[in-house]
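Shown next: data.cif, given as mmCIF, C-alpha atoms and all ligand atoms.
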data_run
#
loop_
_atom_site.label_atom_id
_atom_site.label_comp_id
_atom_site.auth_asym_id
_atom_site.auth_seq_id
_atom_site.Cartn_x
_atom_site.Cartn_y
_atom_site.Cartn_z
CA MET A 14 5.44 -14.55 -16.56
CA ILE A 15 7.87 -11.64 -16.65
CA TRP A 16 6.41 -8.79 -18.72
CA ASN A 17 9.60 -6.83 -19.46
CA PRO A 18 12.68 -9.02 -18.76
CA GLU A 19 15.04 -6.47 -20.31
CA PHE A 20 14.37 -4.09 -17.42
CA GLU A 21 12.94 -6.36 -14.72
CA CYS A 22 15.89 -8.77 -14.87
CA MET A 23 18.66 -6.26 -15.61
CA PRO A 24 21.96 -7.05 -13.83
CA ARG A 25 22.41 -4.98 -10.65
CA GLU A 26 25.40 -2.96 -11.93
CA GLN A 27 23.42 -1.97 -15.00
CA ILE A 28 20.45 -0.96 -12.85
CA ALA A 29 22.69 1.33 -10.79
CA ALA A 30 24.15 2.86 -13.95
CA LEU A 31 20.71 3.38 -15.44
CA GLN A 32 19.43 4.93 -12.22
CA PHE A 33 22.34 7.35 -12.04
CA GLU A 34 21.94 8.39 -15.66
CA ARG A 35 18.20 8.92 -15.17
CA LEU A 36 18.75 10.74 -11.89
CA LYS A 37 21.10 13.22 -13.54
CA ARG A 38 18.58 13.76 -16.29
CA ILE A 39 15.67 14.30 -13.89
CA LEU A 40 17.68 16.80 -11.82
CA GLU A 41 18.55 18.81 -14.95
CA TYR A 42 14.91 18.59 -15.92
CA VAL A 43 13.69 19.83 -12.54
CA TRP A 44 16.24 22.65 -12.67
CA ALA A 45 14.97 23.76 -16.06
CA HIS A 46 11.23 23.16 -15.75
CA ALA A 47 10.03 22.88 -12.13
CA PRO A 48 10.47 26.19 -10.26
CA ALA A 49 9.15 24.98 -6.89
CA GLN A 50 11.39 21.90 -6.86
CA LYS A 51 14.34 23.98 -8.09
CA LEU A 52 13.85 26.46 -5.28
CA LYS A 53 14.12 23.67 -2.72
CA LEU A 54 17.36 22.45 -4.27
CA SER A 55 18.91 25.90 -4.37
CA GLN A 56 17.80 26.64 -0.80
CA ALA A 57 19.65 23.47 0.22
CA GLY A 58 22.69 24.76 -1.66
CA VAL A 59 22.80 22.03 -4.31
CA GLU A 60 22.83 22.16 -8.09
CA PRO A 61 22.32 19.19 -10.42
CA GLY A 62 26.05 19.13 -11.22
CA ASP A 63 26.87 18.47 -7.55
CA VAL A 64 25.40 14.98 -7.73
CA LYS A 65 28.29 12.80 -8.91
CA SER A 66 27.07 9.41 -7.68
CA LEU A 67 23.90 7.81 -6.32
CA GLU A 68 25.36 8.25 -2.82
CA ASP A 69 25.24 12.03 -3.35
CA MET A 70 21.44 11.73 -3.25
CA ALA A 71 21.76 12.12 0.52
CA ARG A 72 22.65 15.78 -0.08
CA LEU A 73 19.33 16.53 -1.74
CA PRO A 74 16.44 17.89 0.33
CA PHE A 75 13.37 15.75 1.02
CA THR A 76 9.97 16.37 -0.51
CA THR A 77 7.03 15.90 1.87
CA LYS A 78 3.27 15.91 1.69
CA ALA A 79 3.40 19.56 2.79
CA ASP A 80 5.18 20.46 -0.47
CA PHE A 81 2.16 19.10 -2.32
CA THR A 82 -0.42 21.00 -0.27
CA ASP A 83 1.69 24.20 -0.21
CA ASN A 84 1.98 24.15 -3.99
CA TYR A 85 -1.66 23.28 -4.61
CA PRO A 86 -3.04 23.40 -7.27
CA TYR A 87 -0.49 23.60 -10.09
CA GLY A 88 2.73 24.66 -8.35
CA LEU A 89 4.62 21.38 -8.86
CA LEU A 90 3.67 20.92 -12.50
CA ALA A 91 6.78 20.79 -14.69
CA VAL A 92 5.04 20.76 -18.07
CA PRO A 93 2.58 23.18 -19.70
CA LYS A 94 -0.92 22.34 -18.50
CA ARG A 95 -1.95 21.29 -22.01
CA GLU A 96 0.53 18.39 -21.82
CA ALA A 97 -1.00 16.97 -18.65
CA VAL A 98 -3.79 14.46 -19.33
CA ARG A 99 -4.76 13.20 -15.87
CA MET A 100 -4.94 14.35 -12.28
CA HIS A 101 -5.16 12.22 -9.16
CA GLY A 102 -5.01 13.14 -5.52
CA THR A 103 -5.47 12.15 -1.93
CA SER A 104 -7.93 13.80 0.36
CA GLY A 105 -6.20 15.82 3.01
CA THR A 106 -7.61 15.37 6.51
CA THR A 107 -7.67 19.16 6.72
CA GLY A 108 -7.70 21.75 3.99
CA LYS A 109 -6.58 21.15 0.42
CA PRO A 110 -5.89 17.72 -1.06
CA SER A 111 -2.47 16.82 -2.40
CA VAL A 112 -2.73 16.39 -6.15
CA SER A 113 -0.47 15.02 -8.82
CA PHE A 114 -0.54 15.05 -12.63
CA TYR A 115 0.40 12.77 -15.50
CA THR A 116 1.50 13.35 -19.08
CA ARG A 117 0.74 10.83 -21.81
CA GLY A 118 4.25 9.45 -21.28
CA ASP A 119 3.62 9.08 -17.53
CA MET A 120 0.39 7.20 -18.26
CA GLU A 121 2.25 4.78 -20.55
CA ILE A 122 4.80 4.02 -17.87
CA TRP A 123 2.14 3.68 -15.21
CA SER A 124 0.24 1.15 -17.33
CA GLU A 125 3.42 -0.82 -17.88
CA LEU A 126 4.07 -0.94 -14.13
CA ILE A 127 0.63 -2.48 -13.62
CA THR A 128 1.17 -5.02 -16.40
CA ARG A 129 4.32 -6.13 -14.61
CA LEU A 130 2.47 -7.02 -11.41
CA ALA A 131 -0.46 -8.57 -13.22
CA SER A 132 1.80 -10.71 -15.42
CA ALA A 133 3.57 -12.05 -12.34
CA VAL A 134 0.32 -13.79 -11.33
CA GLY A 135 -0.45 -14.88 -14.85
CA VAL A 136 -3.16 -12.37 -15.81
CA THR A 137 -3.73 -12.46 -19.59
CA ALA A 138 -6.22 -11.36 -22.23
CA ASP A 139 -8.31 -14.40 -21.27
CA ASP A 140 -9.07 -13.01 -17.82
CA VAL A 141 -12.11 -11.09 -16.62
CA VAL A 142 -10.98 -8.52 -14.07
CA GLN A 143 -13.33 -6.84 -11.61
CA ILE A 144 -11.99 -3.67 -10.01
CA SER A 145 -13.53 -2.99 -6.62
CA PHE A 146 -11.41 0.02 -5.78
CA GLY A 147 -13.15 3.36 -5.66
CA TYR A 148 -12.90 5.14 -9.01
CA GLY A 149 -12.10 8.80 -8.57
CA LEU A 150 -9.19 10.88 -7.42
CA PHE A 151 -7.76 7.87 -5.58
CA THR A 152 -5.17 6.24 -7.88
CA GLY A 153 -6.32 2.66 -7.19
CA GLY A 154 -9.29 2.35 -9.57
CA PHE A 155 -8.06 4.07 -12.71
CA GLY A 156 -4.46 3.02 -12.09
CA LEU A 157 -5.16 -0.71 -12.17
CA HIS A 158 -7.76 -0.27 -14.87
CA GLN A 159 -5.47 1.03 -17.60
CA GLY A 160 -2.80 -1.61 -16.92
CA MET A 161 -5.33 -4.43 -17.11
CA GLU A 162 -6.65 -3.07 -20.41
CA LYS A 163 -3.09 -2.92 -21.73
CA ILE A 164 -2.79 -6.66 -21.06
CA GLY A 165 -6.03 -7.13 -22.93
CA ALA A 166 -8.11 -8.46 -20.04
CA LEU A 167 -11.82 -7.71 -19.94
CA VAL A 168 -12.16 -5.07 -17.23
CA ILE A 169 -15.29 -4.48 -15.15
CA PRO A 170 -15.00 -1.07 -13.42
CA LEU A 171 -17.47 -1.81 -10.64
CA SER A 172 -15.85 0.45 -8.03
CA SER A 173 -16.26 -0.24 -4.31
CA GLY A 174 -19.47 -0.70 -2.36
CA ASN A 175 -22.70 -2.65 -2.93
CA THR A 176 -21.41 -6.02 -1.82
CA GLU A 177 -24.28 -8.03 -3.27
CA ARG A 178 -23.67 -6.55 -6.70
CA GLN A 179 -19.96 -7.38 -6.37
CA LEU A 180 -20.83 -11.02 -5.76
CA MET A 181 -23.45 -11.10 -8.49
CA MET A 182 -20.97 -9.78 -11.08
CA TRP A 183 -18.28 -12.21 -9.92
CA GLU A 184 -20.68 -15.05 -10.55
CA ASP A 185 -22.52 -13.87 -13.68
CA MET A 186 -19.47 -12.55 -15.56
CA ARG A 187 -17.29 -15.46 -14.41
CA VAL A 188 -14.74 -13.03 -13.02
CA THR A 189 -11.27 -14.58 -12.59
CA VAL A 190 -9.30 -11.66 -11.11
CA MET A 191 -10.42 -9.44 -8.23
CA ILE A 192 -8.87 -6.14 -7.23
CA SER A 193 -9.57 -4.28 -3.97
CA THR A 194 -8.11 -3.27 -0.64
CA PRO A 195 -7.37 -6.26 1.63
CA SER A 196 -9.96 -5.00 4.15
CA TYR A 197 -12.68 -5.06 1.54
CA ALA A 198 -11.56 -8.49 0.30
CA LEU A 199 -11.83 -9.76 3.85
CA TYR A 200 -15.38 -8.49 4.04
CA LEU A 201 -16.31 -9.84 0.61
CA GLY A 202 -14.83 -13.21 1.59
CA GLU A 203 -16.89 -13.26 4.75
CA THR A 204 -20.04 -12.57 2.73
CA VAL A 205 -19.19 -15.33 0.24
CA ARG A 206 -18.81 -17.74 3.15
CA ASP A 207 -22.07 -16.64 4.80
CA MET A 208 -23.99 -16.99 1.54
CA GLY A 209 -22.30 -20.29 0.70
CA VAL A 210 -21.64 -19.25 -2.91
CA ARG A 211 -17.94 -19.96 -3.22
CA ASP A 212 -18.45 -22.99 -5.46
CA ARG A 213 -20.26 -20.85 -7.99
CA LEU A 214 -17.29 -18.46 -8.41
CA LYS A 215 -14.43 -18.68 -10.91
CA LEU A 216 -12.06 -16.36 -9.01
CA ARG A 217 -8.43 -17.40 -9.35
CA VAL A 218 -6.31 -14.41 -8.43
CA GLY A 219 -6.53 -11.26 -6.30
CA LEU A 220 -4.37 -8.14 -6.46
CA PHE A 221 -4.44 -6.09 -3.30
CA GLY A 222 -3.21 -2.64 -2.43
CA GLY A 223 -4.14 0.71 -0.99
CA GLU A 224 -3.19 -0.41 2.51
CA GLY A 225 -0.92 -2.97 4.16
CA CYS A 226 -1.82 -6.66 4.26
CA THR A 227 -0.29 -8.95 6.85
CA PRO A 228 0.53 -12.58 5.92
CA GLU A 229 -2.24 -13.75 8.24
CA MET A 230 -4.80 -11.51 6.59
CA ARG A 231 -3.69 -12.71 3.18
CA ALA A 232 -4.06 -16.34 4.24
CA GLN A 233 -7.57 -15.67 5.46
CA ILE A 234 -8.57 -13.94 2.19
CA GLU A 235 -7.11 -16.77 0.12
CA GLU A 236 -8.93 -19.35 2.16
CA THR A 237 -12.38 -17.75 2.07
CA LEU A 238 -12.22 -16.83 -1.63
CA GLY A 239 -10.10 -19.72 -2.94
CA ILE A 240 -7.63 -17.43 -4.71
CA THR A 241 -3.92 -16.64 -4.90
CA ALA A 242 -3.36 -13.11 -3.62
CA THR A 243 -0.50 -10.69 -4.25
CA ASN A 244 0.18 -7.27 -2.74
CA ASN A 245 1.17 -4.15 -4.56
CA TYR A 246 2.18 -0.75 -3.34
CA GLY A 247 2.22 2.79 -4.54
CA LEU A 248 1.23 6.29 -3.66
CA CYS A 249 -0.28 9.13 -5.56
CA GLU A 250 2.55 11.59 -4.94
CA VAL A 251 5.06 9.47 -6.86
CA MET A 252 2.73 7.57 -9.25
CA GLY A 253 0.10 5.28 -7.75
CA PRO A 254 -0.11 1.48 -7.61
CA GLY A 255 2.74 -0.25 -9.42
CA VAL A 256 5.65 1.42 -7.63
CA SER A 257 6.27 -2.05 -6.23
CA GLY A 258 4.52 -5.39 -6.29
CA GLU A 259 4.97 -9.02 -5.36
CA CYS A 260 6.08 -11.59 -7.89
CA GLU A 261 4.65 -15.11 -7.93
CA LEU A 262 6.97 -16.12 -5.05
CA ARG A 263 5.47 -13.45 -2.79
CA ASP A 264 8.61 -12.84 -0.81
CA GLY A 265 8.68 -9.04 -0.77
CA LEU A 266 7.52 -6.45 -3.28
CA HIS A 267 9.87 -5.76 -6.23
CA ILE A 268 10.36 -2.00 -6.61
CA ALA A 269 10.36 -0.81 -10.24
CA GLU A 270 13.92 0.48 -9.90
CA ASP A 271 14.15 1.65 -13.48
CA HIS A 272 11.53 4.30 -12.62
CA PHE A 273 12.02 4.91 -8.89
CA TYR A 274 15.07 5.21 -6.71
CA PRO A 275 14.38 3.90 -3.18
CA GLU A 276 16.18 4.85 0.03
CA ILE A 277 15.52 3.91 3.64
CA ILE A 278 16.05 6.62 6.24
CA ASN A 279 15.85 6.96 9.96
CA PRO A 280 12.51 8.80 10.29
CA GLU A 281 13.78 10.79 13.29
CA THR A 282 17.09 12.02 11.91
CA GLY A 283 16.66 11.73 8.13
CA GLN A 284 19.95 9.76 7.90
CA VAL A 285 20.15 7.20 5.09
CA LEU A 286 20.33 3.65 6.51
CA PRO A 287 22.18 0.70 4.94
CA VAL A 288 20.14 -1.70 2.81
CA GLY A 289 18.51 -4.26 5.08
CA GLU A 290 17.76 -1.93 7.97
CA GLN A 291 14.25 -0.95 8.87
CA GLY A 292 13.17 2.64 8.42
CA GLU A 293 11.08 5.04 6.37
CA LEU A 294 10.89 4.53 2.62
CA VAL A 295 11.94 7.52 0.49
CA LEU A 296 11.33 7.50 -3.26
CA THR A 297 12.68 9.58 -6.14
CA THR A 298 10.92 9.44 -9.50
CA LEU A 299 13.45 8.82 -12.28
CA THR A 300 11.21 9.25 -15.31
CA LYS A 301 8.09 11.18 -14.27
CA GLU A 302 7.46 14.20 -16.48
CA ALA A 303 4.39 16.04 -15.15
CA VAL A 304 5.43 16.14 -11.48
CA PRO A 305 8.98 14.91 -10.91
CA VAL A 306 9.59 14.24 -7.22
CA ILE A 307 12.94 14.22 -5.46
CA ARG A 308 13.26 12.13 -2.28
CA TYR A 309 9.62 11.86 -1.31
CA ARG A 310 9.12 10.83 2.31
CA THR A 311 6.42 8.15 2.16
CA ARG A 312 6.00 7.75 5.97
CA ASP A 313 5.84 3.99 5.30
CA ILE A 314 8.08 1.82 7.45
CA THR A 315 9.77 -1.09 5.69
CA ARG A 316 13.06 -2.81 4.91
CA LEU A 317 14.80 -3.40 1.55
CA VAL A 318 16.11 -6.78 0.41
CA SER A 319 18.84 -6.67 -2.24
CA GLU A 320 19.46 -10.43 -2.67
CA LYS A 321 18.37 -11.75 -6.02
CA CYS A 322 14.89 -13.24 -6.01
CA ALA A 323 14.42 -16.81 -7.27
CA CYS A 324 11.88 -15.53 -9.80
CA GLY A 325 14.71 -14.03 -11.86
CA ARG A 326 13.80 -10.40 -11.34
CA THR A 327 16.72 -8.35 -10.07
CA HIS A 328 14.87 -5.32 -8.72
CA MET A 329 15.18 -4.87 -4.97
CA ARG A 330 12.28 -5.93 -2.84
CA MET A 331 10.64 -4.05 0.01
CA LEU A 332 9.02 -6.04 2.79
CA PRO A 333 5.29 -5.46 3.29
CA THR A 334 4.98 -2.16 5.13
CA LEU A 335 4.53 -2.46 8.86
CA GLY A 336 2.32 0.57 8.59
CA ARG A 337 2.75 4.28 8.14
CA SER A 338 4.94 6.04 10.62
CA ASP A 339 1.85 8.24 11.18
CA ASP A 340 -0.19 5.15 12.19
CA MET A 341 2.37 3.97 14.69
CA LEU A 342 1.08 4.29 18.22
CA ILE A 343 3.39 4.88 21.10
CA ILE A 344 1.89 3.23 24.17
CA LYS A 345 3.92 3.58 27.36
CA GLY A 346 6.99 4.06 25.20
CA VAL A 347 6.35 0.92 23.13
CA ASN A 348 5.87 1.23 19.36
CA VAL A 349 2.68 -0.50 18.25
CA PHE A 350 1.38 -0.91 14.70
CA PRO A 351 -2.26 -1.88 14.17
CA SER A 352 -0.96 -4.50 11.70
CA GLN A 353 0.67 -6.36 14.60
CA ILE A 354 -2.67 -6.68 16.36
CA GLU A 355 -4.26 -7.93 13.18
CA SER A 356 -1.53 -10.58 12.77
CA VAL A 357 -2.15 -11.84 16.30
CA LEU A 358 -5.89 -11.95 15.84
CA ILE A 359 -5.90 -13.83 12.57
CA GLY A 360 -2.81 -15.91 13.41
CA LEU A 361 -4.42 -17.42 16.52
CA LYS A 362 -7.03 -19.07 14.27
CA LEU A 363 -9.64 -19.08 17.01
CA PRO A 364 -12.79 -20.49 15.41
CA ALA A 365 -15.09 -18.18 17.37
CA VAL A 366 -13.30 -14.95 16.51
CA GLY A 367 -13.31 -12.98 13.25
CA PRO A 368 -10.71 -10.61 11.81
CA HIS A 369 -12.65 -7.45 12.66
CA TYR A 370 -11.50 -5.32 15.52
CA LEU A 371 -11.23 -1.79 16.88
CA LEU A 372 -8.43 -0.59 19.07
CA TYR A 373 -9.20 2.10 21.63
CA VAL A 374 -6.34 4.04 23.19
CA ARG A 375 -7.11 6.07 26.28
CA HIS A 376 -5.16 7.92 28.87
CA GLU A 377 -6.24 7.10 32.44
CA ARG A 378 -3.24 7.99 34.62
CA THR A 379 -1.29 5.88 32.15
CA ASP A 380 -1.95 4.87 28.53
CA THR A 381 -4.39 1.98 28.18
CA LEU A 382 -5.33 -0.22 25.24
CA GLU A 383 -8.69 -1.82 24.73
CA LEU A 384 -9.14 -4.22 21.88
CA GLN A 385 -12.70 -4.89 20.78
CA VAL A 386 -12.91 -8.10 18.82
CA GLU A 387 -15.92 -9.35 16.97
CA LEU A 388 -17.21 -12.87 17.55
CA LEU A 389 -18.22 -14.96 14.56
CA ASP A 390 -20.88 -16.85 16.44
CA ALA A 391 -23.24 -15.23 18.95
CA GLY A 392 -23.70 -18.65 20.61
CA VAL A 393 -20.36 -18.25 22.38
CA LEU A 394 -21.80 -15.32 24.33
CA GLU A 395 -23.77 -17.82 26.42
CA SER A 396 -20.73 -19.56 27.80
CA PHE A 397 -18.79 -17.50 30.33
CA SER A 398 -15.96 -19.98 30.51
CA GLU A 399 -15.50 -20.01 26.78
CA LEU A 400 -15.55 -16.19 26.61
CA ASP A 401 -12.92 -16.07 29.35
CA ASN A 402 -10.84 -18.58 27.48
CA ILE A 403 -10.90 -16.59 24.25
CA ARG A 404 -10.15 -13.31 26.04
CA ASN A 405 -7.18 -14.79 27.89
CA THR A 406 -5.74 -16.41 24.78
CA ILE A 407 -5.77 -13.12 22.88
CA GLN A 408 -4.47 -11.17 25.86
CA ASP A 409 -1.56 -13.56 26.46
CA LYS A 410 -0.52 -13.53 22.83
CA LEU A 411 -0.62 -9.73 22.65
CA ARG A 412 1.41 -9.48 25.83
CA SER A 413 4.10 -11.74 24.43
CA ILE A 414 4.23 -9.95 21.05
CA LEU A 415 3.87 -6.33 22.15
CA GLY A 416 5.02 -6.52 25.74
CA LEU A 417 1.87 -4.67 26.75
CA THR A 418 -1.27 -5.58 28.62
CA CYS A 419 -4.36 -4.98 26.60
CA LYS A 420 -7.94 -5.21 27.76
CA VAL A 421 -9.87 -7.50 25.40
CA THR A 422 -13.61 -7.07 24.92
CA LEU A 423 -15.59 -9.50 22.79
CA VAL A 424 -18.53 -8.04 20.92
CA GLU A 425 -21.46 -9.55 19.03
CA PRO A 426 -21.19 -10.63 15.39
CA ARG A 427 -21.49 -7.86 12.78
CA THR A 428 -21.28 -4.96 15.20
CA ILE A 429 -17.90 -3.62 14.12
CA GLN A 430 -17.79 -1.37 11.08
CA ARG A 431 -16.71 -2.89 7.73
CA PHE A 432 -14.47 -0.96 5.35
CA GLN A 433 -14.83 -0.78 1.59
CA GLY A 434 -11.65 1.22 1.15
CA LYS A 435 -8.80 1.58 3.59
CA ALA A 436 -9.59 0.34 7.07
CA SER A 437 -9.32 2.65 10.04
CA ARG A 438 -9.21 0.57 13.16
CA VAL A 439 -7.66 2.79 15.80
CA VAL A 440 -9.58 5.19 18.01
CA ASP A 441 -7.07 7.31 19.89
CA LEU A 442 -8.88 9.10 22.68
CA ARG A 443 -5.78 10.54 24.30
CA GLU A 444 -5.48 14.31 24.34
CA LYS A 445 -2.78 15.48 22.04
ZN ZN A 501 10.62 -12.17 -7.36
#
Mind turning the file's structure into structure tokens?
Amino acid sequence: MIWNPEFECMPREQIAALQFERLKRILEYVWAHAPAQKLKLSQAGVEPGDVKSLEDMARLPFTTKADFTDNYPYGLLAVPKREAVRMHGTSGTTGKPSVSFYTRGDMEIWSELITRLASAVGVTADDVVQISFGYGLFTGGFGLHQGMEKIGALVIPLSSGNTERQLMMWEDMRVTVMISTPSYALYLGETVRDMGVRDRLKLRVGLFGGEGCTPEMRAQIEETLGITATNNYGLCEVMGPGVSGECELRDGLHIAEDHFYPEIINPETGQVLPVGEQGELVLTTLTKEAVPVIRYRTRDITRLVSEKCACGRTHMRMLPTLGRSDDMLIIKGVNVFPSQIESVLIGLKLPAVGPHYLLYVRHERTDTLELQVELLDAGVLESFSELDNIRNTIQDKLRSILGLTCKVTLVEPRTIQRFQGKASRVVDLREK
């Protein structure tokens, strides 16, 4: 079902006109109400009146995560504090977090964005939705929560962690929709399989976000839990989940173009790339009141698809992110994303091997990669020939995909850490 056909199926020319009109309005708004954002514009020598078409966006300066931390706590707020009703943020690895705020109007729009992705997989007031995202500053929990309530579904705010309780609630409350990171879903699915309780569950649909999900990982989650899974995407600095999401056809994530203007740039040079080329996603908020953001550099690498989707929605799609440009490893000059390793591992469908791994990068004269992969069945450890076989299969596939030789180590079942939020599977031991 399409929640808001008027906007989601708007003809492309009308979308462009709407975006331009909203862009002009947001620039005037920033100029009048957001001193920190205005300063950046004037330092770059541009005024709102200089933007005469969407192409002129390229003249505007980027906003980065540093702008959020530099202006912590309230420096980016464009409304009086009494008009802000919510704060979210992401933990910085060092120092202050980057925080963002929402007015009542922002909250309305955010809820609508969630209803769009939930409607696409048929979520209705008849559903029981369990949210297994952490509730807190992270936008995942509360973000999905309010949209699901808007639809009228019964929402269980269980938060992440306590796997047995997750499964108990699924069963007892006859939960039909699950929401979590793909890594946690993978782990929950594994537990369902080990406990043999799948037949007792009523799960039908899963909505996943907070980190990338490869097609192979999705297939594995769907198989172990017996659900249809869709991916959604968002980030706290521009809104949270709902910036984009898959429709029922699951062929790219439709970006809510009536609220965000997407660009793809070359992450090295900052040049805007033509639609269809791969690069870093940059987003401008077109309607956000509390913290309007011009050209936010997401660090996420993706590609835009402008062809009309068979679902009827006209909003451009972004392909699932390959990973953050910050997560990209450069090994002997080759770009490697952890998501590629995951695809290989799950895609090989080796019965003895699970989806859990850790990737160690070391520097010993030259860069080396060691992939630790967890076995599903400890019995395999007794057969040297079988272990060799598995190791070689993984190694060969990685060599053909990445063009790199990678040492593969097989480890005992349940020895690699599980993640209840975003997974962190790379250990880079090289000196910076
Ligand atoms: Zn579609």
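The space separating atom CA of A:Asp80 from atom CA of A:Gly253 comes to 17.6 Å.
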Next on the checklist: Residues near A:Asp313, anyone? I mean within 6 Å using all atoms listed in the file, not counting same-chain ones fewer than 3 positions away, as a PyMOL selection string.
Outcome noted: chain A and resi 293-294+336-338
Next on the checklist: Which residues are near ligand ZN 501 (chain A) - at most 9 Å, using only C-alpha atoms and all ligand atoms? Format: as a PyMOL selection string.
Outcome noted: chain A and resi 133+259-267+321-330
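Between atom CA of A:Pro368 and atom CA of A:Ala436 there is a distance of 12.0 Å.
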With a distance cut-off of 10 Å and all atoms listed in the file, select the neighbouring residues of A:Ala131, excluding the residue or stretch itself and same-chain residues fewer than 4 positions from it, and output the selection as a compact mmCIF listing (two decimals) with C-alpha atoms, keeping the file's coordinate frame.
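Result file follows (out.txt):
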# COMPACT_ATOMS: atom_id res chain seq x y z
CA MET A 14 5.44 -14.55 -16.56
CA ILE A 15 7.87 -11.64 -16.65
CA TRP A 16 6.41 -8.79 -18.72
CA GLU A 125 3.42 -0.82 -17.88
CA LEU A 126 4.07 -0.94 -14.13
CA ILE A 127 0.63 -2.48 -13.62
CA GLY A 135 -0.45 -14.88 -14.85
CA VAL A 136 -3.16 -12.37 -15.81
CA THR A 137 -3.73 -12.46 -19.59
CA LEU A 157 -5.16 -0.71 -12.17
CA GLY A 160 -2.80 -1.61 -16.92
CA MET A 161 -5.33 -4.43 -17.11
CA ILE A 164 -2.79 -6.66 -21.06
CA VAL A 190 -9.30 -11.66 -11.11
CA VAL A 218 -6.31 -14.41 -8.43
CA GLY A 219 -6.53 -11.26 -6.30
CA LEU A 220 -4.37 -8.14 -6.46
CA THR A 243 -0.50 -10.69 -4.25
CA ASN A 245 1.17 -4.15 -4.56
CA GLY A 255 2.74 -0.25 -9.42
CA GLY A 258 4.52 -5.39 -6.29
CA GLU A 259 4.97 -9.02 -5.36
CA CYS A 260 6.08 -11.59 -7.89
CA GLU A 261 4.65 -15.11 -7.93
Given the block above, output stretch 425-429 of chain A with all heavy atoms as an mmCIF file, in the first residue's frame.
data_model
loop_
_atom_site.group_PDB
_atom_site.id
_atom_site.type_symbol
_atom_site.label_atom_id
_atom_site.label_comp_id
_atom_site.auth_asym_id
_atom_site.auth_seq_id
_atom_site.Cartn_x
_atom_site.Cartn_y
_atom_site.Cartn_z
ATOM 1 N N GLU A 425 35.677 -22.048 16.671
ATOM 2 C CA GLU A 425 34.582 -22.865 17.226
ATOM 3 C C GLU A 425 33.254 -22.112 17.277
ATOM 4 O O GLU A 425 33.242 -20.893 17.347
ATOM 5 C CB GLU A 425 34.962 -23.306 18.643
ATOM 6 C CG GLU A 425 36.025 -24.373 18.642
ATOM 7 C CD GLU A 425 36.254 -24.935 20.038
ATOM 8 O OE1 GLU A 425 35.253 -25.147 20.749
ATOM 9 O OE2 GLU A 425 37.415 -25.140 20.389
ATOM 10 N N PRO A 426 32.156 -22.879 17.274
ATOM 11 C CA PRO A 426 30.835 -22.228 17.344
ATOM 12 C C PRO A 426 30.720 -21.307 18.561
ATOM 13 O O PRO A 426 31.262 -21.607 19.623
ATOM 14 C CB PRO A 426 29.863 -23.410 17.482
ATOM 15 C CG PRO A 426 30.586 -24.571 16.896
ATOM 16 C CD PRO A 426 32.041 -24.335 17.144
ATOM 17 N N ARG A 427 30.017 -20.203 18.371
ATOM 18 C CA ARG A 427 29.689 -19.263 19.457
ATOM 19 C C ARG A 427 30.899 -18.664 20.156
ATOM 20 O O ARG A 427 30.893 -18.449 21.359
ATOM 21 C CB ARG A 427 28.758 -19.924 20.482
ATOM 22 C CG ARG A 427 27.453 -20.361 19.832
ATOM 23 C CD ARG A 427 26.290 -20.425 20.768
ATOM 24 N NE ARG A 427 25.055 -20.478 19.992
ATOM 25 C CZ ARG A 427 24.255 -19.444 19.810
ATOM 26 N NH1 ARG A 427 24.517 -18.292 20.357
ATOM 27 N NH2 ARG A 427 23.165 -19.561 19.082
ATOM 28 N N THR A 428 31.962 -18.439 19.393
ATOM 29 C CA THR A 428 33.120 -17.788 20.024
ATOM 30 C C THR A 428 33.264 -16.351 19.542
ATOM 31 O O THR A 428 33.982 -15.570 20.134
ATOM 32 C CB THR A 428 34.434 -18.553 19.739
ATOM 33 O OG1 THR A 428 34.480 -18.861 18.342
ATOM 34 C CG2 THR A 428 34.514 -19.826 20.530
ATOM 35 N N ILE A 429 32.585 -16.005 18.457
ATOM 36 C CA ILE A 429 32.690 -14.625 17.966
ATOM 37 C C ILE A 429 31.543 -13.805 18.547
ATOM 38 O O ILE A 429 30.410 -14.265 18.639
ATOM 39 C CB ILE A 429 32.700 -14.603 16.421
ATOM 40 C CG1 ILE A 429 34.067 -15.107 15.938
ATOM 41 C CG2 ILE A 429 32.437 -13.195 15.881
ATOM 42 C CD1 ILE A 429 34.241 -15.164 14.449
#
